[in-house]
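Student: Data: data-v2.txt, compact mmCIF, N, CA and C atoms.
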# COMPACT_ATOMS: atom_id res chain seq x y z
N MET A 2 -14.39 -0.07 13.78
CA MET A 2 -15.06 -1.21 13.20
C MET A 2 -15.46 -2.17 14.32
N ARG A 3 -16.67 -2.63 14.25
CA ARG A 3 -17.15 -3.60 15.21
C ARG A 3 -17.86 -4.71 14.44
N ILE A 4 -17.43 -5.93 14.67
CA ILE A 4 -18.05 -7.08 14.01
C ILE A 4 -19.29 -7.46 14.82
N SER A 5 -20.41 -7.61 14.15
CA SER A 5 -21.66 -7.95 14.81
C SER A 5 -21.67 -9.42 15.23
N THR A 6 -22.67 -9.77 16.01
CA THR A 6 -22.86 -11.17 16.40
C THR A 6 -23.02 -12.04 15.17
N LYS A 7 -23.75 -11.53 14.20
CA LYS A 7 -23.96 -12.29 12.96
C LYS A 7 -22.64 -12.59 12.27
N GLY A 8 -21.73 -11.63 12.24
CA GLY A 8 -20.41 -11.84 11.63
C GLY A 8 -19.58 -12.84 12.41
N ARG A 9 -19.60 -12.72 13.72
CA ARG A 9 -18.85 -13.67 14.55
C ARG A 9 -19.41 -15.08 14.40
N TYR A 10 -20.72 -15.20 14.38
CA TYR A 10 -21.34 -16.51 14.24
C TYR A 10 -21.09 -17.09 12.84
N ALA A 11 -21.11 -16.27 11.83
CA ALA A 11 -20.82 -16.77 10.47
C ALA A 11 -19.43 -17.39 10.42
N LEU A 12 -18.48 -16.75 11.05
CA LEU A 12 -17.12 -17.29 11.07
C LEU A 12 -17.06 -18.57 11.91
N ARG A 13 -17.79 -18.62 13.00
CA ARG A 13 -17.84 -19.85 13.81
C ARG A 13 -18.47 -20.99 13.03
N ILE A 14 -19.54 -20.71 12.30
CA ILE A 14 -20.19 -21.74 11.48
C ILE A 14 -19.23 -22.28 10.44
N MET A 15 -18.58 -21.37 9.74
CA MET A 15 -17.66 -21.79 8.67
C MET A 15 -16.46 -22.56 9.22
N THR A 16 -15.93 -22.15 10.37
CA THR A 16 -14.80 -22.89 10.94
C THR A 16 -15.24 -24.26 11.46
N ASP A 17 -16.46 -24.34 11.99
CA ASP A 17 -16.97 -25.64 12.44
C ASP A 17 -17.15 -26.57 11.24
N LEU A 18 -17.72 -26.06 10.17
CA LEU A 18 -17.89 -26.88 8.97
C LEU A 18 -16.53 -27.29 8.40
N ALA A 19 -15.55 -26.41 8.49
CA ALA A 19 -14.20 -26.74 8.02
C ALA A 19 -13.57 -27.83 8.89
N ALA A 20 -13.77 -27.72 10.20
CA ALA A 20 -13.19 -28.70 11.12
C ALA A 20 -13.83 -30.07 10.95
N HIS A 21 -15.07 -30.11 10.52
CA HIS A 21 -15.79 -31.37 10.33
C HIS A 21 -16.00 -31.65 8.84
N ASN A 22 -15.08 -31.19 8.02
CA ASN A 22 -15.18 -31.28 6.57
C ASN A 22 -14.80 -32.68 6.07
N ASN A 23 -15.79 -33.56 6.00
CA ASN A 23 -15.53 -34.92 5.51
C ASN A 23 -16.38 -35.24 4.28
N GLY A 24 -16.98 -34.21 3.68
CA GLY A 24 -17.80 -34.40 2.49
C GLY A 24 -19.26 -34.64 2.79
N GLU A 25 -19.59 -34.91 4.05
CA GLU A 25 -20.98 -35.16 4.40
C GLU A 25 -21.67 -33.86 4.79
N TYR A 26 -22.98 -33.86 4.66
CA TYR A 26 -23.78 -32.70 5.07
C TYR A 26 -23.96 -32.73 6.58
N ILE A 27 -23.93 -31.55 7.18
CA ILE A 27 -24.08 -31.43 8.63
C ILE A 27 -25.39 -30.70 8.91
N ALA A 28 -26.24 -31.32 9.72
CA ALA A 28 -27.54 -30.76 10.05
C ALA A 28 -27.40 -29.52 10.93
N LEU A 29 -28.33 -28.59 10.78
CA LEU A 29 -28.31 -27.38 11.59
C LEU A 29 -28.44 -27.71 13.07
N LYS A 30 -29.20 -28.74 13.40
CA LYS A 30 -29.35 -29.09 14.82
C LYS A 30 -28.01 -29.52 15.41
N ASP A 31 -27.16 -30.18 14.62
CA ASP A 31 -25.83 -30.56 15.11
C ASP A 31 -24.94 -29.33 15.29
N LEU A 32 -25.02 -28.41 14.34
CA LEU A 32 -24.27 -27.15 14.47
C LEU A 32 -24.76 -26.39 15.70
N SER A 33 -26.06 -26.36 15.89
CA SER A 33 -26.65 -25.66 17.02
C SER A 33 -26.12 -26.17 18.34
N VAL A 34 -26.05 -27.48 18.48
CA VAL A 34 -25.55 -28.09 19.72
C VAL A 34 -24.08 -27.76 19.92
N ARG A 35 -23.28 -27.93 18.88
CA ARG A 35 -21.83 -27.69 19.00
C ARG A 35 -21.50 -26.23 19.27
N LEU A 36 -22.23 -25.33 18.61
CA LEU A 36 -21.90 -23.91 18.68
C LEU A 36 -22.69 -23.13 19.73
N GLY A 37 -23.77 -23.73 20.22
CA GLY A 37 -24.60 -23.02 21.20
C GLY A 37 -25.35 -21.86 20.59
N ILE A 38 -25.77 -22.02 19.34
CA ILE A 38 -26.51 -20.99 18.61
C ILE A 38 -27.86 -21.60 18.23
N THR A 39 -28.94 -20.84 18.38
CA THR A 39 -30.26 -21.39 18.06
C THR A 39 -30.35 -21.73 16.57
N VAL A 40 -31.14 -22.74 16.27
CA VAL A 40 -31.34 -23.15 14.88
C VAL A 40 -31.93 -22.00 14.07
N LYS A 41 -32.85 -21.25 14.66
CA LYS A 41 -33.48 -20.13 13.95
C LYS A 41 -32.45 -19.08 13.52
N TYR A 42 -31.51 -18.76 14.40
CA TYR A 42 -30.47 -17.79 14.06
C TYR A 42 -29.49 -18.39 13.04
N LEU A 43 -29.17 -19.66 13.20
CA LEU A 43 -28.30 -20.34 12.24
C LEU A 43 -28.91 -20.28 10.84
N GLU A 44 -30.21 -20.47 10.73
CA GLU A 44 -30.88 -20.46 9.43
C GLU A 44 -30.66 -19.14 8.70
N GLN A 45 -30.73 -18.03 9.43
CA GLN A 45 -30.52 -16.71 8.82
C GLN A 45 -29.10 -16.57 8.26
N ILE A 46 -28.14 -16.98 9.05
CA ILE A 46 -26.74 -16.82 8.66
C ILE A 46 -26.39 -17.80 7.54
N VAL A 47 -26.83 -19.03 7.66
CA VAL A 47 -26.55 -20.05 6.64
C VAL A 47 -27.18 -19.64 5.31
N SER A 48 -28.34 -19.02 5.37
CA SER A 48 -28.99 -18.57 4.14
C SER A 48 -28.10 -17.57 3.40
N ALA A 49 -27.52 -16.62 4.12
CA ALA A 49 -26.63 -15.63 3.49
C ALA A 49 -25.37 -16.30 2.94
N LEU A 50 -24.81 -17.24 3.69
CA LEU A 50 -23.61 -17.94 3.23
C LEU A 50 -23.91 -18.81 2.02
N ASN A 51 -25.09 -19.39 2.01
CA ASN A 51 -25.52 -20.22 0.89
C ASN A 51 -25.71 -19.37 -0.38
N LYS A 52 -26.36 -18.23 -0.23
CA LYS A 52 -26.58 -17.32 -1.37
C LYS A 52 -25.26 -16.83 -1.94
N ALA A 53 -24.25 -16.69 -1.09
CA ALA A 53 -22.93 -16.24 -1.54
C ALA A 53 -22.15 -17.37 -2.22
N GLY A 54 -22.69 -18.59 -2.17
CA GLY A 54 -22.02 -19.72 -2.81
C GLY A 54 -20.98 -20.40 -1.93
N TYR A 55 -20.99 -20.10 -0.64
CA TYR A 55 -19.99 -20.66 0.26
C TYR A 55 -20.38 -22.03 0.80
N LEU A 56 -21.68 -22.35 0.71
CA LEU A 56 -22.16 -23.62 1.23
C LEU A 56 -22.94 -24.38 0.17
N ASP A 57 -22.88 -25.70 0.27
CA ASP A 57 -23.78 -26.57 -0.48
C ASP A 57 -24.81 -27.03 0.54
N SER A 58 -26.06 -27.01 0.16
CA SER A 58 -27.12 -27.41 1.07
C SER A 58 -27.99 -28.48 0.43
N MET A 59 -28.50 -29.36 1.30
CA MET A 59 -29.38 -30.42 0.83
C MET A 59 -30.50 -30.60 1.85
N ARG A 60 -31.72 -30.70 1.35
CA ARG A 60 -32.87 -30.92 2.22
C ARG A 60 -33.07 -32.40 2.45
N GLY A 61 -33.84 -32.73 3.46
CA GLY A 61 -34.19 -34.12 3.71
C GLY A 61 -33.55 -34.67 4.96
N SER A 62 -33.82 -35.94 5.23
CA SER A 62 -33.36 -36.56 6.47
C SER A 62 -31.83 -36.66 6.55
N ASN A 63 -31.16 -36.79 5.44
CA ASN A 63 -29.70 -36.82 5.44
C ASN A 63 -29.11 -35.49 5.00
N GLY A 64 -29.95 -34.48 4.99
CA GLY A 64 -29.53 -33.17 4.50
C GLY A 64 -28.77 -32.36 5.52
N GLY A 65 -28.45 -31.19 5.11
CA GLY A 65 -27.70 -30.26 5.95
C GLY A 65 -26.87 -29.35 5.09
N HIS A 66 -25.72 -28.97 5.61
CA HIS A 66 -24.85 -28.02 4.92
C HIS A 66 -23.41 -28.49 4.99
N ARG A 67 -22.66 -28.12 3.97
CA ARG A 67 -21.22 -28.39 3.94
C ARG A 67 -20.57 -27.28 3.13
N LEU A 68 -19.26 -27.16 3.27
CA LEU A 68 -18.52 -26.14 2.51
C LEU A 68 -18.58 -26.47 1.03
N SER A 69 -18.65 -25.44 0.21
CA SER A 69 -18.72 -25.64 -1.24
C SER A 69 -17.34 -25.85 -1.87
N LYS A 70 -16.29 -25.57 -1.12
CA LYS A 70 -14.92 -25.79 -1.60
C LYS A 70 -14.02 -26.05 -0.40
N ALA A 71 -12.78 -26.29 -0.63
CA ALA A 71 -11.84 -26.62 0.43
C ALA A 71 -11.68 -25.45 1.41
N PRO A 72 -11.48 -25.75 2.70
CA PRO A 72 -11.28 -24.68 3.70
C PRO A 72 -10.17 -23.71 3.35
N SER A 73 -9.14 -24.17 2.67
CA SER A 73 -8.02 -23.31 2.30
C SER A 73 -8.41 -22.25 1.26
N GLU A 74 -9.55 -22.44 0.61
CA GLU A 74 -9.99 -21.51 -0.42
C GLU A 74 -10.92 -20.41 0.10
N PHE A 75 -11.25 -20.45 1.39
CA PHE A 75 -12.11 -19.44 1.99
C PHE A 75 -11.29 -18.43 2.77
N VAL A 76 -11.40 -17.17 2.39
CA VAL A 76 -10.69 -16.09 3.06
C VAL A 76 -11.63 -15.50 4.12
N VAL A 77 -11.12 -15.33 5.32
CA VAL A 77 -11.93 -14.83 6.43
C VAL A 77 -12.60 -13.51 6.08
N GLY A 78 -11.88 -12.60 5.46
CA GLY A 78 -12.45 -11.30 5.10
C GLY A 78 -13.66 -11.43 4.20
N ASP A 79 -13.63 -12.36 3.27
CA ASP A 79 -14.76 -12.56 2.36
C ASP A 79 -15.99 -13.05 3.12
N ILE A 80 -15.77 -13.94 4.06
CA ILE A 80 -16.88 -14.47 4.87
C ILE A 80 -17.52 -13.34 5.67
N LEU A 81 -16.69 -12.54 6.31
CA LEU A 81 -17.22 -11.43 7.10
C LEU A 81 -17.97 -10.43 6.24
N ARG A 82 -17.46 -10.16 5.05
CA ARG A 82 -18.13 -9.19 4.17
C ARG A 82 -19.51 -9.66 3.71
N VAL A 83 -19.70 -10.98 3.63
CA VAL A 83 -21.01 -11.51 3.22
C VAL A 83 -22.08 -11.09 4.21
N VAL A 84 -21.78 -11.16 5.50
CA VAL A 84 -22.80 -10.85 6.50
C VAL A 84 -22.70 -9.43 7.06
N GLU A 85 -21.54 -8.83 6.97
CA GLU A 85 -21.34 -7.48 7.51
C GLU A 85 -21.44 -6.41 6.43
N SER A 86 -21.23 -6.76 5.21
CA SER A 86 -21.18 -5.88 4.03
C SER A 86 -20.05 -4.85 4.12
N ASN A 87 -20.07 -3.93 5.04
CA ASN A 87 -19.04 -2.89 5.10
C ASN A 87 -18.25 -3.02 6.38
N LEU A 88 -16.95 -3.23 6.26
CA LEU A 88 -16.09 -3.37 7.43
C LEU A 88 -15.21 -2.15 7.67
N SER A 89 -15.43 -1.09 6.94
CA SER A 89 -14.61 0.11 7.09
C SER A 89 -14.86 0.77 8.44
N PRO A 90 -13.82 1.37 9.03
CA PRO A 90 -13.99 2.03 10.32
C PRO A 90 -14.87 3.28 10.23
N VAL A 91 -14.86 3.93 9.08
CA VAL A 91 -15.73 5.07 8.82
C VAL A 91 -16.22 4.97 7.39
N GLU A 92 -17.40 5.48 7.14
CA GLU A 92 -18.02 5.33 5.82
C GLU A 92 -17.20 5.94 4.69
N CYS A 93 -16.57 7.08 4.95
CA CYS A 93 -15.86 7.76 3.87
C CYS A 93 -14.60 7.01 3.42
N ALA A 94 -14.14 6.03 4.23
CA ALA A 94 -12.95 5.27 3.85
C ALA A 94 -13.29 4.05 3.01
N SER A 95 -14.57 3.73 2.90
CA SER A 95 -15.00 2.53 2.18
C SER A 95 -14.73 2.64 0.70
N GLU A 96 -14.30 1.53 0.14
CA GLU A 96 -14.10 1.46 -1.31
C GLU A 96 -15.46 1.59 -1.99
N GLY A 97 -15.53 2.42 -2.99
CA GLY A 97 -16.77 2.57 -3.75
C GLY A 97 -17.77 3.53 -3.15
N MET A 98 -17.46 4.11 -2.00
CA MET A 98 -18.40 5.07 -1.42
C MET A 98 -18.25 6.40 -2.16
N SER A 99 -19.33 7.13 -2.21
CA SER A 99 -19.26 8.41 -2.90
C SER A 99 -18.34 9.35 -2.13
N GLU A 100 -17.71 10.20 -2.86
CA GLU A 100 -16.73 11.12 -2.29
C GLU A 100 -17.38 12.02 -1.25
N CYS A 101 -16.73 12.16 -0.13
CA CYS A 101 -17.19 13.03 0.95
C CYS A 101 -17.03 14.49 0.50
N PRO A 102 -17.98 15.35 0.80
CA PRO A 102 -17.88 16.74 0.35
C PRO A 102 -16.70 17.51 0.96
N ILE A 103 -16.15 17.03 2.06
CA ILE A 103 -15.01 17.74 2.66
C ILE A 103 -13.70 16.96 2.51
N SER A 104 -13.68 15.95 1.63
CA SER A 104 -12.48 15.12 1.51
C SER A 104 -11.24 15.92 1.10
N ASP A 105 -11.42 16.98 0.35
CA ASP A 105 -10.27 17.79 -0.07
C ASP A 105 -9.59 18.50 1.10
N THR A 106 -10.34 18.76 2.15
CA THR A 106 -9.79 19.50 3.28
C THR A 106 -9.74 18.66 4.56
N CYS A 107 -10.10 17.41 4.48
CA CYS A 107 -10.17 16.55 5.68
C CYS A 107 -8.77 16.05 6.04
N ALA A 108 -8.28 16.49 7.18
CA ALA A 108 -6.94 16.11 7.63
C ALA A 108 -6.86 14.65 8.06
N SER A 109 -7.99 14.04 8.38
CA SER A 109 -7.94 12.67 8.90
C SER A 109 -8.30 11.60 7.86
N LEU A 110 -8.68 11.99 6.65
CA LEU A 110 -9.10 11.02 5.64
C LEU A 110 -8.00 10.00 5.32
N THR A 111 -6.77 10.46 5.20
CA THR A 111 -5.66 9.55 4.91
C THR A 111 -5.51 8.52 6.03
N PHE A 112 -5.67 8.96 7.27
CA PHE A 112 -5.61 8.05 8.41
C PHE A 112 -6.69 6.98 8.30
N TRP A 113 -7.92 7.38 8.05
CA TRP A 113 -9.03 6.43 7.97
C TRP A 113 -8.86 5.45 6.82
N LYS A 114 -8.38 5.93 5.69
CA LYS A 114 -8.15 5.03 4.56
C LYS A 114 -7.02 4.05 4.86
N GLY A 115 -6.00 4.52 5.58
CA GLY A 115 -4.90 3.63 5.97
C GLY A 115 -5.37 2.56 6.95
N LEU A 116 -6.21 2.95 7.90
CA LEU A 116 -6.75 1.99 8.85
C LEU A 116 -7.64 0.98 8.14
N ASP A 117 -8.43 1.44 7.20
CA ASP A 117 -9.29 0.55 6.41
C ASP A 117 -8.43 -0.49 5.67
N LYS A 118 -7.31 -0.04 5.10
CA LYS A 118 -6.42 -0.96 4.38
C LYS A 118 -5.79 -1.98 5.32
N VAL A 119 -5.38 -1.54 6.49
CA VAL A 119 -4.78 -2.45 7.47
C VAL A 119 -5.80 -3.52 7.88
N ILE A 120 -7.03 -3.11 8.13
CA ILE A 120 -8.08 -4.05 8.51
C ILE A 120 -8.30 -5.06 7.38
N ASP A 121 -8.47 -4.56 6.16
CA ASP A 121 -8.68 -5.46 5.02
C ASP A 121 -7.52 -6.42 4.83
N ASP A 122 -6.31 -5.90 4.90
CA ASP A 122 -5.12 -6.76 4.73
C ASP A 122 -5.08 -7.85 5.80
N TYR A 123 -5.42 -7.49 7.03
CA TYR A 123 -5.37 -8.46 8.13
C TYR A 123 -6.44 -9.54 7.96
N ILE A 124 -7.68 -9.15 7.76
CA ILE A 124 -8.74 -10.17 7.67
C ILE A 124 -8.63 -10.99 6.39
N ASP A 125 -7.98 -10.44 5.39
CA ASP A 125 -7.78 -11.19 4.15
C ASP A 125 -6.52 -12.06 4.18
N SER A 126 -5.80 -12.03 5.28
CA SER A 126 -4.57 -12.83 5.37
C SER A 126 -4.80 -14.19 6.02
N PHE A 127 -6.04 -14.49 6.39
CA PHE A 127 -6.36 -15.76 7.03
C PHE A 127 -7.37 -16.55 6.20
N THR A 128 -7.19 -17.87 6.19
CA THR A 128 -8.14 -18.77 5.56
C THR A 128 -8.75 -19.66 6.65
N LEU A 129 -9.85 -20.32 6.30
CA LEU A 129 -10.50 -21.19 7.27
C LEU A 129 -9.58 -22.28 7.79
N ASP A 130 -8.82 -22.88 6.90
CA ASP A 130 -7.94 -23.97 7.35
C ASP A 130 -6.91 -23.46 8.35
N GLN A 131 -6.46 -22.23 8.20
CA GLN A 131 -5.51 -21.66 9.16
C GLN A 131 -6.17 -21.48 10.53
N LEU A 132 -7.41 -21.02 10.54
CA LEU A 132 -8.12 -20.85 11.81
C LEU A 132 -8.35 -22.18 12.51
N VAL A 133 -8.74 -23.17 11.75
CA VAL A 133 -8.97 -24.50 12.31
C VAL A 133 -7.66 -25.07 12.86
N ALA A 134 -6.58 -24.93 12.10
CA ALA A 134 -5.27 -25.45 12.54
C ALA A 134 -4.79 -24.73 13.80
N SER A 135 -5.01 -23.43 13.90
CA SER A 135 -4.55 -22.68 15.07
C SER A 135 -5.34 -23.05 16.31
N ASN A 136 -6.56 -23.52 16.14
CA ASN A 136 -7.41 -23.91 17.26
C ASN A 136 -7.00 -25.27 17.82
N LYS A 137 -6.31 -26.08 17.03
CA LYS A 137 -5.89 -27.41 17.46
C LYS A 137 -4.63 -27.36 18.32
N ASN A 138 -3.92 -26.25 18.27
CA ASN A 138 -2.65 -26.14 19.03
C ASN A 138 -2.90 -25.76 20.47
Would it be possible to restate this file's structure as structure tokens?

Tutor:
Amino acid sequence: MRISTKGRYALRIMTDLAAHNNGEYIALKDLSVRLGITVKYLEQIVSALNKAGYLDSMRGSNGGHRLSKAPSEFVVGDILRVVESNLSPVECASEGMSECPISDTCASLTFWKGLDKVIDDYIDSFTLDQLVASNKN
């Protein structure tokens, strides 16, 4: 499994919004300066997060983006899945994927499914507030 730049940036955006979570909207240009990510790239990622219901957005001079709920309610794995879609190490281990034609005789399928579960359990064990708190230490 390899997390793309888009996945890493989505998590950075969400943790930045969590760290600056005071109820006000934060402009993309401010995020861009703090995170060192172009506004154009931020727009793509924020659009996906917004469609998933993770952000509230407002247009205009006082507009921007903010978290749609408390940082403690956002699970890291869910954020990554919004932009990455599939985090399984191999396609045949993914939940909901069609059965592989050699799954009955595949000696490594159990290993891949176990690794997929470990990855899911790990990324689902962290919330945004935990990431923000760990960065302050």

Student: Please tell me which residues are no farther than 10 Å from (-17.5, -32.7, -2.5) in the file, counting only C-alpha atoms, and write them as an MDAnalysis selection string.

Tutor: chainID A and resid 22:26 57 67:71

Student: With distances taken over all atoms listed in the file, which residue among A:Phe75, A:Ala19, A:Ser135, A:Val84 lies nearest Ser5 (chain A)?

Tutor: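 Among the listed residues, A:Val84 lies closest to Ser5 (chain A).
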
Student: So which one's closest to Asp121 (chain A), A:Leu88, A:Ile46, A:Val133, A:Leu32? Using all atoms listed in the file, please.

Tutor: A:Leu88

Student: Figure out the distance between atom N of Lys118 (chain A) and atom C of Glu74 (chain A), please, to one decimal in Å.

Tutor: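 These two atoms are separated by 21.3 Å.
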
Student: Taking the chain letters and numbering used in this document, name the residues of region 6-55 of chain A that DSSP puts in alpha helix (DSSP H), as a ChimeraX atom specification.

Tutor: /A:6-20,29-36,40-52

Student: Dump N, CA and C atoms for the selected residues as a short mmCIF file (atom, residue, chain, number, x, y, z; two decimals), in the coordinates of the input?

Tutor:
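Below you can see again_4.cif, which holds the result:
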data_model
loop_
_atom_site.label_atom_id
_atom_site.label_comp_id
_atom_site.auth_asym_id
_atom_site.auth_seq_id
_atom_site.Cartn_x
_atom_site.Cartn_y
_atom_site.Cartn_z
N THR A 6 -22.67 -9.77 16.01
CA THR A 6 -22.86 -11.17 16.40
C THR A 6 -23.02 -12.04 15.17
N LYS A 7 -23.75 -11.53 14.20
CA LYS A 7 -23.96 -12.29 12.96
C LYS A 7 -22.64 -12.59 12.27
N GLY A 8 -21.73 -11.63 12.24
CA GLY A 8 -20.41 -11.84 11.63
C GLY A 8 -19.58 -12.84 12.41
N ARG A 9 -19.60 -12.72 13.72
CA ARG A 9 -18.85 -13.67 14.55
C ARG A 9 -19.41 -15.08 14.40
N TYR A 10 -20.72 -15.20 14.38
CA TYR A 10 -21.34 -16.51 14.24
C TYR A 10 -21.09 -17.09 12.84
N ALA A 11 -21.11 -16.27 11.83
CA ALA A 11 -20.82 -16.77 10.47
C ALA A 11 -19.43 -17.39 10.42
N LEU A 12 -18.48 -16.75 11.05
CA LEU A 12 -17.12 -17.29 11.07
C LEU A 12 -17.06 -18.57 11.91
N ARG A 13 -17.79 -18.62 13.00
CA ARG A 13 -17.84 -19.85 13.81
C ARG A 13 -18.47 -20.99 13.03
N ILE A 14 -19.54 -20.71 12.30
CA ILE A 14 -20.19 -21.74 11.48
C ILE A 14 -19.23 -22.28 10.44
N MET A 15 -18.58 -21.37 9.74
CA MET A 15 -17.66 -21.79 8.67
C MET A 15 -16.46 -22.56 9.22
N THR A 16 -15.93 -22.15 10.37
CA THR A 16 -14.80 -22.89 10.94
C THR A 16 -15.24 -24.26 11.46
N ASP A 17 -16.46 -24.34 11.99
CA ASP A 17 -16.97 -25.64 12.44
C ASP A 17 -17.15 -26.57 11.24
N LEU A 18 -17.72 -26.06 10.17
CA LEU A 18 -17.89 -26.88 8.97
C LEU A 18 -16.53 -27.29 8.40
N ALA A 19 -15.55 -26.41 8.49
CA ALA A 19 -14.20 -26.74 8.02
C ALA A 19 -13.57 -27.83 8.89
N ALA A 20 -13.77 -27.72 10.20
CA ALA A 20 -13.19 -28.70 11.12
C ALA A 20 -13.83 -30.07 10.95
N LEU A 29 -28.33 -28.59 10.78
CA LEU A 29 -28.31 -27.38 11.59
C LEU A 29 -28.44 -27.71 13.07
N LYS A 30 -29.20 -28.74 13.40
CA LYS A 30 -29.35 -29.09 14.82
C LYS A 30 -28.01 -29.52 15.41
N ASP A 31 -27.16 -30.18 14.62
CA ASP A 31 -25.83 -30.56 15.11
C ASP A 31 -24.94 -29.33 15.29
N LEU A 32 -25.02 -28.41 14.34
CA LEU A 32 -24.27 -27.15 14.47
C LEU A 32 -24.76 -26.39 15.70
N SER A 33 -26.06 -26.36 15.89
CA SER A 33 -26.65 -25.66 17.02
C SER A 33 -26.12 -26.17 18.34
N VAL A 34 -26.05 -27.48 18.48
CA VAL A 34 -25.55 -28.09 19.72
C VAL A 34 -24.08 -27.76 19.92
N ARG A 35 -23.28 -27.93 18.88
CA ARG A 35 -21.83 -27.69 19.00
C ARG A 35 -21.50 -26.23 19.27
N LEU A 36 -22.23 -25.33 18.61
CA LEU A 36 -21.90 -23.91 18.68
C LEU A 36 -22.69 -23.13 19.73
N VAL A 40 -31.14 -22.74 16.27
CA VAL A 40 -31.34 -23.15 14.88
C VAL A 40 -31.93 -22.00 14.07
N LYS A 41 -32.85 -21.25 14.66
CA LYS A 41 -33.48 -20.13 13.95
C LYS A 41 -32.45 -19.08 13.52
N TYR A 42 -31.51 -18.76 14.40
CA TYR A 42 -30.47 -17.79 14.06
C TYR A 42 -29.49 -18.39 13.04
N LEU A 43 -29.17 -19.66 13.20
CA LEU A 43 -28.30 -20.34 12.24
C LEU A 43 -28.91 -20.28 10.84
N GLU A 44 -30.21 -20.47 10.73
CA GLU A 44 -30.88 -20.46 9.43
C GLU A 44 -30.66 -19.14 8.70
N GLN A 45 -30.73 -18.03 9.43
CA GLN A 45 -30.52 -16.71 8.82
C GLN A 45 -29.10 -16.57 8.26
N ILE A 46 -28.14 -16.98 9.05
CA ILE A 46 -26.74 -16.82 8.66
C ILE A 46 -26.39 -17.80 7.54
N VAL A 47 -26.83 -19.03 7.66
CA VAL A 47 -26.55 -20.05 6.64
C VAL A 47 -27.18 -19.64 5.31
N SER A 48 -28.34 -19.02 5.37
CA SER A 48 -28.99 -18.57 4.14
C SER A 48 -28.10 -17.57 3.40
N ALA A 49 -27.52 -16.62 4.12
CA ALA A 49 -26.63 -15.63 3.49
C ALA A 49 -25.37 -16.30 2.94
N LEU A 50 -24.81 -17.24 3.69
CA LEU A 50 -23.61 -17.94 3.23
C LEU A 50 -23.91 -18.81 2.02
N ASN A 51 -25.09 -19.39 2.01
CA ASN A 51 -25.52 -20.22 0.89
C ASN A 51 -25.71 -19.37 -0.38
N LYS A 52 -26.36 -18.23 -0.23
CA LYS A 52 -26.58 -17.32 -1.37
C LYS A 52 -25.26 -16.83 -1.94
#

Student: Could you please fill out region 99-110 of chain A with N, CA, C and O atoms and send it back as a CSV table (one decimal), in the frame of the given file?

Tutor:
chain,number,residue,atom,x,y,z
A,99,SER,N,-19.3,7.1,-2.2
A,99,SER,CA,-19.3,8.4,-2.9
A,99,SER,C,-18.3,9.4,-2.1
A,99,SER,O,-18.2,9.2,-0.9
A,100,GLU,N,-17.7,10.2,-2.9
A,100,GLU,CA,-16.7,11.1,-2.3
A,100,GLU,C,-17.4,12.0,-1.2
A,100,GLU,O,-18.5,12.6,-1.4
A,101,CYS,N,-16.7,12.2,-0.1
A,101,CYS,CA,-17.2,13.0,1.0
A,101,CYS,C,-17.0,14.5,0.5
A,101,CYS,O,-16.0,14.8,-0.1
A,102,PRO,N,-18.0,15.4,0.8
A,102,PRO,CA,-17.9,16.7,0.4
A,102,PRO,C,-16.7,17.5,1.0
A,102,PRO,O,-16.3,18.5,0.4
A,103,ILE,N,-16.2,17.0,2.1
A,103,ILE,CA,-15.0,17.7,2.7
A,103,ILE,C,-13.7,17.0,2.5
A,103,ILE,O,-12.7,17.3,3.2
A,104,SER,N,-13.7,16.0,1.6
A,104,SER,CA,-12.5,15.1,1.5
A,104,SER,C,-11.2,15.9,1.1
A,104,SER,O,-10.1,15.6,1.5
A,105,ASP,N,-11.4,17.0,0.4
A,105,ASP,CA,-10.3,17.8,-0.1
A,105,ASP,C,-9.6,18.5,1.1
A,105,ASP,O,-8.4,18.8,1.0
A,106,THR,N,-10.3,18.8,2.2
A,106,THR,CA,-9.8,19.5,3.3
A,106,THR,C,-9.7,18.7,4.6
A,106,THR,O,-9.4,19.2,5.6
A,107,CYS,N,-10.1,17.4,4.5
A,107,CYS,CA,-10.2,16.6,5.7
A,107,CYS,C,-8.8,16.0,6.0
A,107,CYS,O,-8.2,15.3,5.3
A,108,ALA,N,-8.3,16.5,7.2
A,108,ALA,CA,-6.9,16.1,7.6
A,108,ALA,C,-6.9,14.6,8.1
A,108,ALA,O,-5.8,14.1,8.1
A,109,SER,N,-8.0,14.0,8.4
A,109,SER,CA,-7.9,12.7,8.9
A,109,SER,C,-8.3,11.6,7.9
A,109,SER,O,-8.2,10.4,8.1
A,110,LEU,N,-8.7,12.0,6.6
A,110,LEU,CA,-9.1,11.0,5.6
A,110,LEU,C,-8.0,10.0,5.3
A,110,LEU,O,-8.3,8.8,5.2
